[in-house]
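Colleague: Quick one: this structure, given as structure tokens, is what I'll be asking you about.
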Amino acid sequence: MTPTDLLTRSLDAVWHPCTQMKQHEAFPLVPITHGQGVWLMSGAEKRYLDAISSWWVNLFGHCHPHINQRLREQLERLEHVMLAGFTHEPVVRLSEELGTLTGHALGHVFYASDGASATEIALKMSMHFWRNSGLPQKTRFVSLAGSYHGETVGALAVTDIPLFREAYAPLVRAAATVTSPDARQAQPGESARDVALRAAAVLEAFLMEHHTETAALIVEPLVQCAAGMVMYDPIYLQRARTLCDQYQVHLIADEIAVGCGRTGSFFACEQAAIWPDFLCLSKGISGGYLPLSLVLTTDTVYQAFYDDATVRGFLHSHSYTGNPLACTAALATLELFHTKQVIARNQTRAQWLAEAAAPIAEHPAVSHLRQQGMILAFDVKTPAPDFSRRMHQHAMERGILLRPIGNTVYWMPPYIIDEEQCQLLGTGTLAALQATLAESGV
Ligand SMILES: *Cc1c(COP(=O)(O)O)cnc(C)c1O
């Protein structure tokens with residue numbers, strides 16, 4: 001199909017995610033014909049630097065030769081087998097490798113296909129653990145203000161994004177929320193750490209009052225991504241770990257977006273030197289190739305389900321649980337982490353991003369330029385309504401894929417971006433920002 005064909009036929013037959021389809025009358029879809037490295041190509045002429053890793057999933061660029069090769073090999077061996085009653089090499093090796101990456105703190109892995117399902121698995125496992133442990137009244141959850149943990153009905157319960165939550169409120173048993181440790185809330189003279197400790201005090205007050213009915217606290221460690229790349233001090237995670245232990249409440253780390261090296265360490269939790277009771281991964285774990293999600297948990301949790309009685313087992317499954325191709329993509333991704341020393345080399349890439357963003361920080365409309373590893377973000381003061389769509393449009397015209405969240409513009413590029421591409425990203429983003437602001441007369 002030609003790019004033009006793709007456009008018209010997609011609008012007829014495909015209902016696109018998180019989209020008011022009518023807006024595509026004015027703003028056409030972008031047909032992508034192929035991808036290579038950081039680039040998404042639209043026919044032979046147009047290309048876009050994928051500065052957001054296609055919604056945070058891509059780690060090593062598009063069509064990576066190593067991942068492609070491993071997938072071809074696996075394709076000739078086994079495409080899929082159900083995981084209930086059966087097992088296979090990719091799922092065993094992946095589970096072992098992930099356990100090793102946590103120093104065996106989290107040595108049991110449960111699989112699903114999308115991130116929201118991983119959230120729901122962690123919620124269900126937590127509640128079921130407490131029921132199996134004689135504390136059946138622990139059925140409630142608490143999340144941070146502005147939290148995002150997925151959009152299925154169960155995951156919406158711990159997603160504090162009004163647009164999503166309000167539309168489907170009648171279906172949702174909403175969790176409680178506590179103050180976010182958002183470092184931008186610092187008062188003059190206050191550090192990010194002070195803000196985090198203040199937020200931790202709010203959590204403490206909440207748990208003191210509600211621990212008997214609370215099963216778990218769910219957090220995105222270090223960066224609340226969908227909330228607008230809200231960054232916070234790791235002391236919050238340390239305090240949360242201590243408080244959860246003190247009040248017999250599980251800690252769920254949703255590392256679906258921040259895991260797999262995004263924040264500078266393989267798991268974001270490592271920077272607080274803590275392990276949660278449940279750790280959710282998806283998005284980058286398959287290199288951005290195939291739907292795969294998983295929940296890592298402890299031996300204590302696992303043992304609470306290990307019994308003769310079926311009802312004490314974890315009652316949850318998906319048809320594609322532990323799909324061999326998806327697990328193979330994940331193994332190939334982990335191989336790249338090892339052979340290319342990605343975590344160490346990303347320090348240089350993060351530095352290139354910081355240098356490319358320096359001129360942007362000087363723009364009078366820009367505030368709170370912040371960075372955590374391979375995530376860089378800034379806010380735009382008093383933006384015109386519609387800022388995010390306009391900014392996206394202006395960036396696309398300059399060959400850069402950005403998708404601001406409200407007035408927050410961010411970069412989350414693949415880990416193969418080179419210095420020149422970082423500079424391109426910097427100049428393109430600044431030019432798009434200037435064009436957007438000029439258009440709205442700011
Ligand atoms: C994307 C995301 C999810 C949901 O994953 P899906 O695969 O889109 O269902 C959950 N939590 C966080 C932190 C995410 O960024």
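All residue names refer to the structure tokens as shown: chains lettered A, B, ... in order, residues numbered from 1 in each chain, ligands numbered from 1 in order.
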Hey, what's within 9 Å of Ser319 of chain A if we count only C-alpha atoms and toss same-chain stuff fewer than 4 positions away? As a PyMOL selection string, please?
Modeller: chain A and resi 82-83+112+323
Colleague: Would you give me, as JSON lines, each residue of chain A having an atom within 9 Å of an atom of ligand 1, along with its shortest atom pair and that distance in Å to one decimal, using only C-alpha atoms and all ligand atoms and sorting by chain and residue number?
Modeller:
```
{"residue": "A:Trp55", "atom": "CA", "partner": "ligand 1", "partner_atom_place_in_ligand_line": "1 (C)", "distance": 7.7}
{"residue": "A:Trp56", "atom": "CA", "partner": "ligand 1", "partner_atom_place_in_ligand_line": "15 (O)", "distance": 7.6}
{"residue": "A:Val57", "atom": "CA", "partner": "ligand 1", "partner_atom_place_in_ligand_line": "1 (C)", "distance": 8.6}
{"residue": "A:Ser113", "atom": "CA", "partner": "ligand 1", "partner_atom_place_in_ligand_line": "7 (O)", "distance": 7.5}
{"residue": "A:Asp114", "atom": "CA", "partner": "ligand 1", "partner_atom_place_in_ligand_line": "7 (O)", "distance": 3.9}
{"residue": "A:Gly115", "atom": "CA", "partner": "ligand 1", "partner_atom_place_in_ligand_line": "5 (O)", "distance": 3.1}
{"residue": "A:Ala116", "atom": "CA", "partner": "ligand 1", "partner_atom_place_in_ligand_line": "9 (O)", "distance": 3.7}
{"residue": "A:Ser117", "atom": "CA", "partner": "ligand 1", "partner_atom_place_in_ligand_line": "9 (O)", "distance": 6.5}
{"residue": "A:Ala118", "atom": "CA", "partner": "ligand 1", "partner_atom_place_in_ligand_line": "10 (C)", "distance": 7.7}
{"residue": "A:Thr119", "atom": "CA", "partner": "ligand 1", "partner_atom_place_in_ligand_line": "10 (C)", "distance": 6.6}
{"residue": "A:Ser147", "atom": "CA", "partner": "ligand 1", "partner_atom_place_in_ligand_line": "13 (C)", "distance": 8.0}
{"residue": "A:Tyr148", "atom": "CA", "partner": "ligand 1", "partner_atom_place_in_ligand_line": "13 (C)", "distance": 5.6}
{"residue": "A:His149", "atom": "CA", "partner": "ligand 1", "partner_atom_place_in_ligand_line": "11 (N)", "distance": 3.5}
{"residue": "A:Gly150", "atom": "CA", "partner": "ligand 1", "partner_atom_place_in_ligand_line": "4 (C)", "distance": 3.8}
{"residue": "A:Glu151", "atom": "CA", "partner": "ligand 1", "partner_atom_place_in_ligand_line": "9 (O)", "distance": 6.5}
{"residue": "A:Thr152", "atom": "CA", "partner": "ligand 1", "partner_atom_place_in_ligand_line": "9 (O)", "distance": 7.4}
{"residue": "A:Ala155", "atom": "CA", "partner": "ligand 1", "partner_atom_place_in_ligand_line": "10 (C)", "distance": 7.9}
{"residue": "A:Thr159", "atom": "CA", "partner": "ligand 1", "partner_atom_place_in_ligand_line": "11 (N)", "distance": 8.7}
{"residue": "A:Val219", "atom": "CA", "partner": "ligand 1", "partner_atom_place_in_ligand_line": "13 (C)", "distance": 8.4}
{"residue": "A:Glu220", "atom": "CA", "partner": "ligand 1", "partner_atom_place_in_ligand_line": "13 (C)", "distance": 6.0}
{"residue": "A:Val223", "atom": "CA", "partner": "ligand 1", "partner_atom_place_in_ligand_line": "13 (C)", "distance": 9.0}
{"residue": "A:Gln224", "atom": "CA", "partner": "ligand 1", "partner_atom_place_in_ligand_line": "13 (C)", "distance": 7.1}
{"residue": "A:Cys225", "atom": "CA", "partner": "ligand 1", "partner_atom_place_in_ligand_line": "15 (O)", "distance": 6.3}
{"residue": "A:Ala226", "atom": "CA", "partner": "ligand 1", "partner_atom_place_in_ligand_line": "15 (O)", "distance": 6.2}
{"residue": "A:Asp254", "atom": "CA", "partner": "ligand 1", "partner_atom_place_in_ligand_line": "13 (C)", "distance": 5.6}
{"residue": "A:Glu255", "atom": "CA", "partner": "ligand 1", "partner_atom_place_in_ligand_line": "13 (C)", "distance": 6.2}
{"residue": "A:Ile256", "atom": "CA", "partner": "ligand 1", "partner_atom_place_in_ligand_line": "12 (C)", "distance": 4.9}
{"residue": "A:Ala257", "atom": "CA", "partner": "ligand 1", "partner_atom_place_in_ligand_line": "15 (O)", "distance": 4.3}
{"residue": "A:Val258", "atom": "CA", "partner": "ligand 1", "partner_atom_place_in_ligand_line": "13 (C)", "distance": 7.2}
{"residue": "A:Cys280", "atom": "CA", "partner": "ligand 1", "partner_atom_place_in_ligand_line": "11 (N)", "distance": 8.2}
{"residue": "A:Leu281", "atom": "CA", "partner": "ligand 1", "partner_atom_place_in_ligand_line": "11 (N)", "distance": 8.6}
{"residue": "A:Ser282", "atom": "CA", "partner": "ligand 1", "partner_atom_place_in_ligand_line": "7 (O)", "distance": 6.5}
{"residue": "A:Lys283", "atom": "CA", "partner": "ligand 1", "partner_atom_place_in_ligand_line": "7 (O)", "distance": 6.3}
{"residue": "A:Pro291", "atom": "CA", "partner": "ligand 1", "partner_atom_place_in_ligand_line": "7 (O)", "distance": 7.5}
{"residue": "A:Leu292", "atom": "CA", "partner": "ligand 1", "partner_atom_place_in_ligand_line": "7 (O)", "distance": 8.2}
{"residue": "A:Ser293", "atom": "CA", "partner": "ligand 1", "partner_atom_place_in_ligand_line": "7 (O)", "distance": 7.5}
```
Colleague: Counting only C-alpha atoms, which residue out of A:Leu369, A:Val301, A:Ile416, A:Ala384 sits closest to Thr348 of chain A?
Modeller: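 Closest to Thr348 of chain A, using only C-alpha atoms: A:Ile416.
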Colleague: Between A:Leu6, A:Cys63, A:Ala377, A:Leu106, which has the minimum distance to Thr297 of chain A (counting only C-alpha atoms)?
Modeller: A:Leu106
Colleague: Identify, on the basis of only C-alpha atoms, every residue whose closest approach to Arg47 of chain A does not exceed 10 Å; exclude the query and any residue fewer than 4 positions from it along the same chain; express the result as JSON, numbers by chain.
Modeller: {"A": [32, 33, 34, 35, 36, 38, 39, 40, 41, 42, 43, 396, 398, 399, 400, 401]}
